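A.B. asks: Just one file: my_file.txt, with compact mmCIF, C-alpha atoms.
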# COMPACT_ATOMS: atom_id res chain seq x y z
CA MET A 1 -1.15 -4.79 1.60
CA ILE A 2 0.27 -2.92 4.60
CA ALA A 3 -0.32 -4.62 7.99
CA ARG A 4 -2.80 -2.68 10.08
CA ARG A 5 -4.93 -2.70 13.22
CA GLY A 6 -8.60 -3.46 12.77
CA VAL A 7 -11.29 -0.79 12.78
CA CYS A 8 -13.86 -0.49 15.60
CA LEU A 9 -16.85 0.63 13.55
CA VAL A 10 -19.58 1.95 15.83
CA LEU A 11 -23.09 2.52 14.53
CA ALA A 12 -25.44 4.49 16.76
CA ALA A 13 -28.88 5.86 15.96
CA PRO A 14 -32.26 6.61 17.44
CA SER A 15 -34.57 3.59 17.48
CA GLY A 16 -36.28 3.34 14.10
CA ALA A 17 -33.50 4.99 12.09
CA GLY A 18 -32.64 1.68 10.43
CA LYS A 19 -29.55 0.68 12.40
CA SER A 20 -30.32 -3.05 12.66
CA SER A 21 -30.97 -3.43 8.92
CA LEU A 22 -27.83 -1.43 8.12
CA SER A 23 -25.75 -3.54 10.51
CA ARG A 24 -26.96 -6.73 8.84
CA ALA A 25 -26.28 -5.31 5.37
CA MET A 26 -22.76 -4.28 6.41
CA LEU A 27 -21.97 -7.73 7.85
CA GLU A 28 -23.18 -9.35 4.63
CA ALA A 29 -21.31 -6.92 2.36
CA GLU A 30 -18.05 -6.95 4.32
CA PRO A 31 -16.53 -10.38 4.96
CA GLY A 32 -13.73 -8.81 7.05
CA LEU A 33 -16.21 -7.29 9.49
CA ALA A 34 -17.64 -9.20 12.49
CA LEU A 35 -20.24 -8.10 15.03
CA SER A 36 -19.09 -7.62 18.62
CA VAL A 37 -21.13 -9.97 20.83
CA SER A 38 -22.11 -8.46 24.18
CA ALA A 39 -22.31 -10.20 27.53
CA THR A 40 -25.52 -9.81 29.56
CA THR A 41 -27.08 -10.92 32.81
CA ARG A 42 -30.54 -11.13 31.28
CA PRO A 43 -31.78 -14.64 30.54
CA PRO A 44 -31.82 -15.89 26.94
CA ARG A 45 -35.02 -15.42 24.96
CA PRO A 46 -36.34 -18.26 22.80
CA GLY A 47 -33.97 -18.86 19.89
CA GLU A 48 -31.08 -16.83 21.30
CA GLN A 49 -27.77 -18.68 21.18
CA GLU A 50 -24.80 -18.37 23.53
CA GLY A 51 -21.92 -16.59 21.78
CA VAL A 52 -24.08 -15.60 18.81
CA HIS A 53 -26.66 -13.19 20.21
CA TYR A 54 -25.06 -12.74 23.65
CA PHE A 55 -22.69 -14.32 26.11
CA PHE A 56 -25.12 -15.12 28.93
CA LYS A 57 -23.66 -14.58 32.40
CA SER A 58 -24.91 -14.81 35.97
CA PRO A 59 -24.69 -11.51 37.91
CA GLU A 60 -21.76 -13.03 39.83
CA GLU A 61 -19.91 -14.05 36.67
CA PHE A 62 -20.50 -10.62 35.16
CA ALA A 63 -19.22 -8.83 38.30
CA ALA A 64 -16.10 -11.01 38.45
CA MET A 65 -15.35 -10.35 34.78
CA GLU A 66 -15.87 -6.62 35.32
CA ALA A 67 -13.58 -6.57 38.37
CA ALA A 68 -10.87 -8.30 36.31
CA GLY A 69 -11.03 -5.55 33.65
CA GLY A 70 -12.70 -7.92 31.23
CA PHE A 71 -15.08 -5.34 29.72
CA LEU A 72 -14.37 -2.42 27.39
CA GLU A 73 -17.66 -0.81 28.44
CA THR A 74 -20.69 -1.77 30.50
CA ALA A 75 -24.23 -0.49 30.91
CA GLU A 76 -27.32 -1.24 32.96
CA TYR A 77 -30.80 -1.36 31.47
CA LEU A 78 -33.98 -2.38 33.30
CA GLY A 79 -31.89 -3.87 36.11
CA ARG A 80 -29.78 -6.06 33.80
CA ARG A 81 -26.07 -5.64 33.07
CA TYR A 82 -24.63 -5.51 29.55
CA GLY A 83 -20.98 -5.32 28.55
CA THR A 84 -18.52 -5.60 25.67
CA PRO A 85 -15.95 -8.34 26.43
CA ARG A 86 -12.44 -6.94 25.98
CA ALA A 87 -10.48 -10.03 24.87
CA PRO A 88 -12.18 -10.87 21.54
CA VAL A 89 -12.16 -7.22 20.42
CA GLU A 90 -8.49 -6.71 21.25
CA ALA A 91 -7.56 -9.97 19.52
CA ALA A 92 -9.49 -8.97 16.39
CA LEU A 93 -7.98 -5.46 16.24
CA ALA A 94 -4.43 -6.76 16.71
CA ALA A 95 -5.00 -9.24 13.86
CA GLY A 96 -6.32 -6.51 11.53
CA ARG A 97 -9.91 -7.72 11.63
CA ASP A 98 -12.67 -5.13 11.84
CA VAL A 99 -15.40 -5.17 14.47
CA LEU A 100 -18.90 -3.70 14.25
CA PHE A 101 -20.60 -2.32 17.37
CA ASP A 102 -24.32 -1.73 17.60
CA ILE A 103 -24.37 0.42 20.76
CA ASP A 104 -25.77 3.69 22.11
CA CYS A 105 -24.10 7.07 22.59
CA GLN A 106 -22.96 6.27 26.12
CA GLY A 107 -21.42 2.98 24.94
CA HIS A 108 -19.68 4.82 22.11
CA ALA A 109 -18.19 7.36 24.52
CA LEU A 110 -16.92 4.60 26.84
CA LEU A 111 -15.55 2.49 23.97
CA ARG A 112 -13.73 5.51 22.52
CA ALA A 113 -12.09 6.11 25.90
CA ALA A 114 -11.15 2.42 26.26
CA LEU A 115 -9.68 2.09 22.75
CA PRO A 116 -8.25 5.50 21.82
CA GLY A 117 -7.51 5.73 18.10
CA ASP A 118 -9.36 2.53 17.20
CA VAL A 119 -12.96 3.74 17.11
CA VAL A 120 -14.69 5.15 14.03
CA GLY A 121 -18.09 6.31 15.24
CA VAL A 122 -21.01 6.88 12.88
CA PHE A 123 -24.28 8.41 13.99
CA LEU A 124 -27.25 7.69 11.74
CA LEU A 125 -29.91 10.35 11.50
CA PRO A 126 -33.45 9.83 10.22
CA PRO A 127 -34.53 12.22 7.43
CA SER A 128 -37.04 13.75 9.89
CA MET A 129 -38.71 13.02 13.23
CA ALA A 130 -41.99 12.44 11.36
CA GLU A 131 -40.26 9.78 9.25
CA LEU A 132 -38.72 8.23 12.38
CA GLU A 133 -42.18 8.04 13.98
CA ARG A 134 -43.62 6.60 10.77
CA ARG A 135 -40.95 3.87 10.70
CA LEU A 136 -41.54 2.99 14.37
CA ARG A 137 -45.29 2.64 13.69
CA ALA A 138 -44.68 0.67 10.47
CA ARG A 139 -42.78 -1.98 12.46
CA GLY A 140 -46.05 -2.59 14.32
CA GLN A 141 -44.24 -3.98 17.36
CA ASP A 142 -44.59 -1.17 19.88
CA SER A 143 -47.47 0.33 21.87
CA GLU A 144 -48.22 4.05 21.63
CA SER A 145 -46.49 4.67 24.97
CA GLU A 146 -43.46 2.63 23.85
CA ILE A 147 -43.29 4.65 20.61
CA ALA A 148 -43.43 7.88 22.62
CA ARG A 149 -40.66 6.58 24.90
CA ARG A 150 -38.48 5.56 21.94
CA LEU A 151 -38.94 8.99 20.33
CA ALA A 152 -37.94 10.74 23.57
CA VAL A 153 -34.85 8.55 23.99
CA GLY A 154 -34.10 9.07 20.29
CA ARG A 155 -34.16 12.85 20.69
CA ALA A 156 -31.67 12.61 23.55
CA GLU A 157 -29.38 10.40 21.44
CA ILE A 158 -29.65 12.73 18.43
CA ALA A 159 -28.45 15.60 20.63
CA ARG A 160 -25.15 13.68 21.00
CA ALA A 161 -24.58 13.13 17.25
CA GLY A 162 -21.73 15.66 17.33
CA GLU A 163 -19.66 13.25 19.48
CA PHE A 164 -19.24 10.92 16.49
CA ASP A 165 -16.63 11.01 13.71
CA HIS A 166 -19.28 10.85 10.99
CA VAL A 167 -22.95 11.76 10.74
CA VAL A 168 -24.98 10.13 7.97
CA VAL A 169 -28.63 10.76 7.11
CA ASN A 170 -30.26 7.39 6.38
CA ALA A 171 -32.66 8.48 3.64
CA VAL A 172 -32.02 5.86 0.91
CA PHE A 173 -30.95 2.51 2.38
CA GLU A 174 -28.57 1.42 -0.43
CA GLU A 175 -26.88 4.83 -0.46
CA THR A 176 -26.35 4.65 3.29
CA VAL A 177 -24.80 1.18 2.98
CA ALA A 178 -22.45 2.54 0.28
CA THR A 179 -21.49 5.46 2.54
CA LEU A 180 -20.85 3.18 5.52
CA ARG A 181 -18.71 0.91 3.34
CA ALA A 182 -16.77 3.98 2.16
CA ILE A 183 -16.21 5.06 5.77
CA LEU A 184 -14.86 1.58 6.59
CA ALA A 185 -12.67 1.47 3.45
CA ALA A 186 -11.22 4.88 4.26
CA ALA A 187 -10.59 3.94 7.89
CA ARG A 188 -8.66 0.87 6.71
CA THR A 189 -6.12 3.12 4.96
CA ALA A 190 -5.77 5.61 7.84
CA THR A 191 -2.06 6.11 8.49
CA ALA A 192 -2.50 5.92 12.27
CA ARG A 193 -3.86 2.38 11.85
CA LEU A 194 -1.08 1.13 9.54
CA THR A 195 1.18 -0.70 11.99
CA GLY A 196 3.14 -2.08 9.03
CA LEU A 197 3.94 1.32 7.49
CA PRO A 198 7.52 1.62 8.81
CA ALA A 199 8.31 -1.86 7.47
CA ALA A 200 6.58 -1.09 4.15
CA LEU A 201 8.54 2.15 3.75
CA ALA A 202 11.81 0.44 4.71
CA ALA A 203 11.16 -2.22 2.07
CA LEU A 204 10.81 0.57 -0.53
CA GLY A 205 13.88 2.49 0.67
CA MET B 206 -28.18 16.55 2.90
CA ILE B 207 -26.39 18.40 5.70
CA ALA B 208 -24.54 21.55 4.62
CA ARG B 209 -20.79 21.09 4.81
CA ARG B 210 -17.42 22.56 3.96
CA GLY B 211 -15.65 21.11 0.94
CA VAL B 212 -12.81 18.63 1.20
CA CYS B 213 -9.22 19.50 0.22
CA LEU B 214 -8.15 16.16 -1.21
CA VAL B 215 -4.38 16.05 -1.61
CA LEU B 216 -2.72 13.33 -3.66
CA ALA B 217 1.02 12.99 -3.32
CA ALA B 218 3.29 10.26 -4.65
CA PRO B 219 6.73 9.58 -6.04
CA SER B 220 6.99 10.23 -9.78
CA GLY B 221 5.80 7.14 -11.65
CA ALA B 222 3.41 5.92 -8.93
CA GLY B 223 0.41 6.77 -11.12
CA LYS B 224 -0.71 10.04 -9.56
CA SER B 225 -1.58 11.87 -12.79
CA SER B 226 -3.73 9.00 -14.11
CA LEU B 227 -5.44 8.66 -10.73
CA SER B 228 -6.12 12.41 -10.56
CA ARG B 229 -7.73 12.32 -14.02
CA ALA B 230 -9.82 9.26 -13.07
CA MET B 231 -10.99 10.97 -9.86
CA LEU B 232 -11.99 14.16 -11.67
CA GLU B 233 -13.96 12.10 -14.22
CA ALA B 234 -15.65 9.94 -11.57
CA GLU B 235 -16.48 12.76 -9.16
CA PRO B 236 -18.44 15.66 -10.64
CA GLY B 237 -18.25 17.52 -7.31
CA LEU B 238 -14.45 17.55 -7.38
CA ALA B 239 -12.37 20.18 -9.22
CA LEU B 240 -8.61 20.43 -9.65
CA SER B 241 -6.85 23.32 -7.98
CA VAL B 242 -5.07 25.35 -10.66
CA SER B 243 -1.66 26.67 -9.62
CA ALA B 244 -0.08 29.99 -10.50
CA THR B 245 3.44 29.97 -11.93
CA THR B 246 6.09 32.33 -13.23
CA ARG B 247 7.27 29.88 -15.86
CA PRO B 248 6.12 30.64 -19.41
CA PRO B 249 3.31 28.59 -20.97
CA ARG B 250 4.30 25.54 -23.01
CA PRO B 251 2.58 24.89 -26.33
CA GLY B 252 -1.06 24.01 -25.75
CA GLU B 253 -1.17 25.17 -22.13
CA GLN B 254 -4.15 27.43 -21.39
CA GLU B 255 -4.42 30.25 -18.85
CA GLY B 256 -6.66 29.19 -15.96
CA VAL B 257 -6.79 25.56 -17.10
CA HIS B 258 -3.22 24.30 -16.74
CA TYR B 259 -1.86 27.28 -14.80
CA PHE B 260 -2.45 30.92 -14.05
CA PHE B 261 0.60 32.43 -15.76
CA LYS B 262 2.11 35.37 -13.84
CA SER B 263 5.14 37.62 -14.23
CA PRO B 264 7.59 37.44 -11.31
CA GLU B 265 6.33 40.87 -10.24
CA GLU B 266 2.67 39.80 -10.32
CA PHE B 267 3.51 36.64 -8.39
CA ALA B 268 5.44 38.58 -5.71
CA ALA B 269 2.62 41.11 -5.31
CA MET B 270 0.05 38.34 -4.94
CA GLU B 271 2.27 36.59 -2.39
CA ALA B 272 2.77 39.79 -0.39
CA ALA B 273 -1.01 40.26 -0.27
CA GLY B 274 -1.48 36.80 1.26
CA GLY B 275 -2.94 35.53 -2.00
CA PHE B 276 -1.32 32.07 -1.84
CA LEU B 277 -2.07 29.11 0.39
CA GLU B 278 1.37 27.69 -0.36
CA THR B 279 4.26 28.48 -2.67
CA ALA B 280 7.33 26.66 -3.92
CA GLU B 281 10.32 27.30 -6.14
CA TYR B 282 11.56 24.81 -8.73
CA LEU B 283 14.38 25.41 -11.21
CA GLY B 284 14.21 29.14 -10.52
CA ARG B 285 10.46 29.42 -11.19
CA ARG B 286 7.79 30.18 -8.60
CA TYR B 287 4.64 28.08 -8.16
CA GLY B 288 1.72 28.77 -5.82
CA THR B 289 -1.83 27.76 -4.92
CA PRO B 290 -4.14 30.82 -5.19
CA ARG B 291 -6.08 31.19 -1.96
CA ALA B 292 -9.34 32.78 -3.17
CA PRO B 293 -10.75 30.04 -5.46
CA VAL B 294 -9.98 27.32 -2.90
CA GLU B 295 -11.59 29.18 -0.01
CA ALA B 296 -14.65 29.98 -2.14
CA ALA B 297 -15.02 26.32 -3.14
CA LEU B 298 -14.65 25.01 0.42
CA ALA B 299 -17.16 27.50 1.80
CA ALA B 300 -19.65 26.43 -0.89
CA GLY B 301 -19.19 22.73 -0.08
CA ARG B 302 -17.30 21.96 -3.28
CA ASP B 303 -14.32 19.62 -3.09
CA VAL B 304 -10.88 20.48 -4.45
CA LEU B 305 -8.17 18.10 -5.65
CA PHE B 306 -4.49 18.99 -5.20
CA ASP B 307 -1.70 17.34 -7.11
CA ILE B 308 1.25 18.55 -5.01
CA ASP B 309 4.37 17.26 -3.26
CA CYS B 310 5.00 16.55 0.41
CA GLN B 311 6.21 20.06 1.13
CA GLY B 312 3.10 21.55 -0.51
CA HIS B 313 0.93 19.19 1.51
CA ALA B 314 2.56 20.28 4.76
CA LEU B 315 2.11 23.98 3.90
CA LEU B 316 -1.50 23.50 2.74
CA ARG B 317 -2.36 21.60 5.93
CA ALA B 318 -0.98 24.48 7.99
CA ALA B 319 -2.89 27.06 5.90
CA LEU B 320 -6.23 25.21 6.01
CA PRO B 321 -6.34 23.34 9.32
CA GLY B 322 -9.11 20.75 9.37
CA ASP B 323 -9.82 20.98 5.64
CA VAL B 324 -7.07 18.79 4.21
CA VAL B 325 -7.37 15.05 3.65
CA GLY B 326 -3.93 13.93 2.52
CA VAL B 327 -3.34 10.68 0.67
CA PHE B 328 0.11 9.36 -0.10
CA LEU B 329 0.28 6.84 -2.94
CA LEU B 330 2.94 4.17 -2.71
CA PRO B 331 4.17 2.03 -5.60
CA PRO B 332 4.05 -1.74 -4.97
CA SER B 333 7.88 -1.74 -5.04
CA MET B 334 10.80 0.45 -6.12
CA ALA B 335 11.47 -2.01 -8.95
CA GLU B 336 7.89 -1.49 -10.19
CA LEU B 337 8.29 2.30 -9.84
CA GLU B 338 11.46 2.17 -11.94
CA ARG B 339 9.72 -0.08 -14.50
CA ARG B 340 6.82 2.41 -14.80
CA LEU B 341 9.22 5.36 -15.24
CA ARG B 342 11.03 3.48 -18.03
CA ALA B 343 7.75 2.38 -19.65
CA ARG B 344 6.75 6.05 -20.06
CA GLY B 345 9.79 6.40 -22.33
CA GLN B 346 10.00 10.14 -21.70
CA ASP B 347 13.02 10.39 -19.39
CA SER B 348 16.78 9.89 -19.83
CA GLU B 349 18.63 7.47 -17.56
CA SER B 350 19.93 10.33 -15.44
CA GLU B 351 16.41 11.82 -15.18
CA ILE B 352 15.05 8.43 -14.09
CA ALA B 353 17.78 8.18 -11.45
CA ARG B 354 16.93 11.70 -10.25
CA ARG B 355 13.19 10.92 -10.10
CA LEU B 356 13.87 7.75 -8.10
CA ALA B 357 16.05 9.65 -5.61
CA VAL B 358 13.41 12.40 -5.17
CA GLY B 359 10.76 9.66 -4.93
CA ARG B 360 12.64 7.96 -2.09
CA ALA B 361 12.78 11.24 -0.19
CA GLU B 362 9.03 11.77 -0.71
CA ILE B 363 8.22 8.20 0.37
CA ALA B 364 10.06 8.83 3.65
CA ARG B 365 7.38 11.47 4.41
CA ALA B 366 4.37 9.19 3.75
CA GLY B 367 3.62 9.13 7.49
CA GLU B 368 2.67 12.84 7.38
CA PHE B 369 -0.48 11.99 5.41
CA ASP B 370 -3.91 10.94 6.70
CA HIS B 371 -4.02 7.91 4.43
CA VAL B 372 -1.46 5.73 2.71
CA VAL B 373 -2.61 3.67 -0.28
CA VAL B 374 -0.55 1.21 -2.31
CA ASN B 375 -1.36 1.75 -5.99
CA ALA B 376 -1.14 -1.85 -7.18
CA VAL B 377 -4.38 -2.26 -9.18
CA PHE B 378 -5.52 1.03 -10.74
CA GLU B 379 -9.30 0.48 -10.50
CA GLU B 380 -8.99 -0.63 -6.87
CA THR B 381 -6.98 2.48 -6.03
CA VAL B 382 -9.62 4.70 -7.67
CA ALA B 383 -12.30 2.95 -5.59
CA THR B 384 -10.27 3.51 -2.41
CA LEU B 385 -9.69 7.19 -3.22
CA ARG B 386 -13.41 7.63 -3.89
CA ALA B 387 -14.16 5.95 -0.54
CA ILE B 388 -11.75 8.31 1.23
CA LEU B 389 -13.53 11.29 -0.37
CA ALA B 390 -17.00 9.93 0.45
CA ALA B 391 -16.01 9.33 4.06
CA ALA B 392 -14.46 12.79 4.37
CA ARG B 393 -17.73 14.30 3.12
CA THR B 394 -19.57 12.89 6.15
CA ALA B 395 -16.90 13.86 8.71
CA THR B 396 -18.67 15.63 11.58
CA ALA B 397 -16.02 18.36 11.78
CA ARG B 398 -16.89 19.33 8.19
CA LEU B 399 -20.69 19.42 8.68
CA THR B 400 -21.31 23.13 9.17
CA GLY B 401 -25.06 22.45 8.91
CA LEU B 402 -25.15 19.86 11.72
CA PRO B 403 -26.49 22.16 14.46
CA ALA B 404 -29.29 23.31 12.14
CA ALA B 405 -30.00 19.72 11.05
CA LEU B 406 -30.20 18.54 14.67
CA ALA B 407 -32.37 21.51 15.65
CA ALA B 408 -34.76 20.66 12.80
CA LEU B 409 -35.08 17.13 14.22
CA GLY B 410 -35.50 18.28 17.84
Would you give me this structure, written as structure tokens?

C.D. replies:
Amino acid sequence: MIARRGVCLVLAAPSGAGKSSLSRAMLEAEPGLALSVSATTRPPRPGEQEGVHYFFKSPEEFAAMEAAGGFLETAEYLGRRYGTPRAPVEAALAAGRDVLFDIDCQGHALLRAALPGDVVGVFLLPPSMAELERRLRARGQDSESEIARRLAVGRAEIARAGEFDHVVVNAVFEETVATLRAILAAARTATARLTGLPAALAALG
Amino acid sequence: MIARRGVCLVLAAPSGAGKSSLSRAMLEAEPGLALSVSATTRPPRPGEQEGVHYFFKSPEEFAAMEAAGGFLETAEYLGRRYGTPRAPVEAALAAGRDVLFDIDCQGHALLRAALPGDVVGVFLLPPSMAELERRLRARGQDSESEIARRLAVGRAEIARAGEFDHVVVNAVFEETVATLRAILAAARTATARLTGLPAALAALG
């Protein structure tokens, strides 16, 4: 085994494309992969645990962390701040552990700029917009206006699919998991990530 | 399925690292992958078939084909010419079919220059030079001086491993096949290869 940096595996998708289920399946299938936990200024919801679902911060704490360069990327949504803490990600990558990010296109673009060479971005497409709408309705958790909003946001995200390293149509769940695992396996052997290659070649010389 | 260009999958390795067995296993496992057949000016050996093992050419035919830009890369070995015919590879790539190349580091460098963006290069390392030497002896087909020559050429090839997109240690055969298949699967979803992405996104819009 050649020593290597970890992979930043980013999954992005329009709401309803199956990203959450795919993320869970990837974390179960890949013991070497851990989910990046975001920080947020929004209060915890019932059942949410500090350090598991989010790192919960006051607006002041968040601002201080941001000023100190403590975030790889930040975003604002409905007046709340969200951010990816830098330290745990950099520690994981340096130790050759892989990190999964469930973020949007803007987060992907910022993360890619913050960690050049580390990010492998995958955009998940639905088979069709009709199927995306069907899946959103099947969840039964959104109002008609919320579904319309999610579809509009989804269209805007889909328009940015070309910014990602890979584009995968999520038609058959198990096939998509296999493809995502292949993308991760391939990224693990990418020469640019193999920090131990000079030593490995010297040992063979 | 999004329309895409085919992948030029290049396997390179020092002699004895297991490249031929891995190439055969990949061709069996991947129906969408075909081996690139080289042209050569050396005469056929018993059992070798035109268009299967090589395209056999006279020196004059080879030179004419080369002058017409008919090769993606050429090499000379023991006074004989070898080359990768351009037309079948370009036809395969345009049709989204993947092509496997069993070539050396110099061929890889020339192919990469001839087909920018199409090549995915994998260099296979042996677990150790002692294991490489053991495998060469176990084949029982080479003299001591030929083994020494192969090891020296192998060392020179290994020094160029960093030119490849991926480096894979061939320790456990089945695991290496799985990794090579993952590299191919990942390459098939690479955004830069998805010629049909604009149409696919427009269809979702």

A.B. asks: Given a cut-off of 8 Å, which residues of chain A touch chain B, counting all atoms listed in the file, written out as a ChimeraX atom specification?

C.D. replies: /A:1,128-129,155,158-159,162,164-169,179-183,185-186,189-192,197,201,203-205

A.B. asks: Would you output that residue set with C-alpha atoms, as an mmCIF file, in the frame of the given file?

C.D. replies:
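Final file, again_22.cif:
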data_model
loop_
_atom_site.group_PDB
_atom_site.id
_atom_site.type_symbol
_atom_site.label_atom_id
_atom_site.label_comp_id
_atom_site.auth_asym_id
_atom_site.auth_seq_id
_atom_site.Cartn_x
_atom_site.Cartn_y
_atom_site.Cartn_z
ATOM 1 C CA MET A 1 -1.150 -4.790 1.600
ATOM 2 C CA SER A 128 -37.040 13.750 9.890
ATOM 3 C CA MET A 129 -38.710 13.020 13.230
ATOM 4 C CA ARG A 155 -34.160 12.850 20.690
ATOM 5 C CA ILE A 158 -29.650 12.730 18.430
ATOM 6 C CA ALA A 159 -28.450 15.600 20.630
ATOM 7 C CA GLY A 162 -21.730 15.660 17.330
ATOM 8 C CA PHE A 164 -19.240 10.920 16.490
ATOM 9 C CA ASP A 165 -16.630 11.010 13.710
ATOM 10 C CA HIS A 166 -19.280 10.850 10.990
ATOM 11 C CA VAL A 167 -22.950 11.760 10.740
ATOM 12 C CA VAL A 168 -24.980 10.130 7.970
ATOM 13 C CA VAL A 169 -28.630 10.760 7.110
ATOM 14 C CA THR A 179 -21.490 5.460 2.540
ATOM 15 C CA LEU A 180 -20.850 3.180 5.520
ATOM 16 C CA ARG A 181 -18.710 0.910 3.340
ATOM 17 C CA ALA A 182 -16.770 3.980 2.160
ATOM 18 C CA ILE A 183 -16.210 5.060 5.770
ATOM 19 C CA ALA A 185 -12.670 1.470 3.450
ATOM 20 C CA ALA A 186 -11.220 4.880 4.260
ATOM 21 C CA THR A 189 -6.120 3.120 4.960
ATOM 22 C CA ALA A 190 -5.770 5.610 7.840
ATOM 23 C CA THR A 191 -2.060 6.110 8.490
ATOM 24 C CA ALA A 192 -2.500 5.920 12.270
ATOM 25 C CA LEU A 197 3.940 1.320 7.490
ATOM 26 C CA LEU A 201 8.540 2.150 3.750
ATOM 27 C CA ALA A 203 11.160 -2.220 2.070
ATOM 28 C CA LEU A 204 10.810 0.570 -0.530
ATOM 29 C CA GLY A 205 13.880 2.490 0.670
#

A.B. asks: Emit as lines of an AutoDock Vina configuration file the padded axis-aligned box for all listed atoms of region 294-298 of chain B, 8 Å per side, with centre and edge lengths in Å to one decimal.

C.D. replies:
center_x = -12.5
center_y = 27.5
center_z = -1.4
size_x = 21.0
size_y = 21.0
size_z = 19.6

A.B. asks: Using all atoms listed in the file, which residues sit within 9 Å of Leu315 (chain B) once same-chain residues fewer than 5 positions away are excluded, as a CSV table (one decimal) with C-alpha atoms, in the coordinates of the input?

C.D. replies:
chain,number,residue,atom,x,y,z
B,277,LEU,CA,-2.1,29.1,0.4
B,278,GLU,CA,1.4,27.7,-0.4
B,279,THR,CA,4.3,28.5,-2.7
B,310,CYS,CA,5.0,16.6,0.4
B,320,LEU,CA,-6.2,25.2,6.0

A.B. asks: Could you list, as a PyMOL selection string, every residue within 7 Å of Gly288 (chain B), counting only C-alpha atoms and ignoring same-chain residues fewer than 4 positions away?

C.D. replies: chain B and resi 243-245+276+278-280

A.B. asks: For Asp309 (chain B), list every protein, DNA or RNA residue within 8 Å, evaluated using all atoms listed in the file, and leave out those in the same chain fewer than 4 positions away; present the list as a PyMOL selection string.

C.D. replies: chain B and resi 217-218+313+362
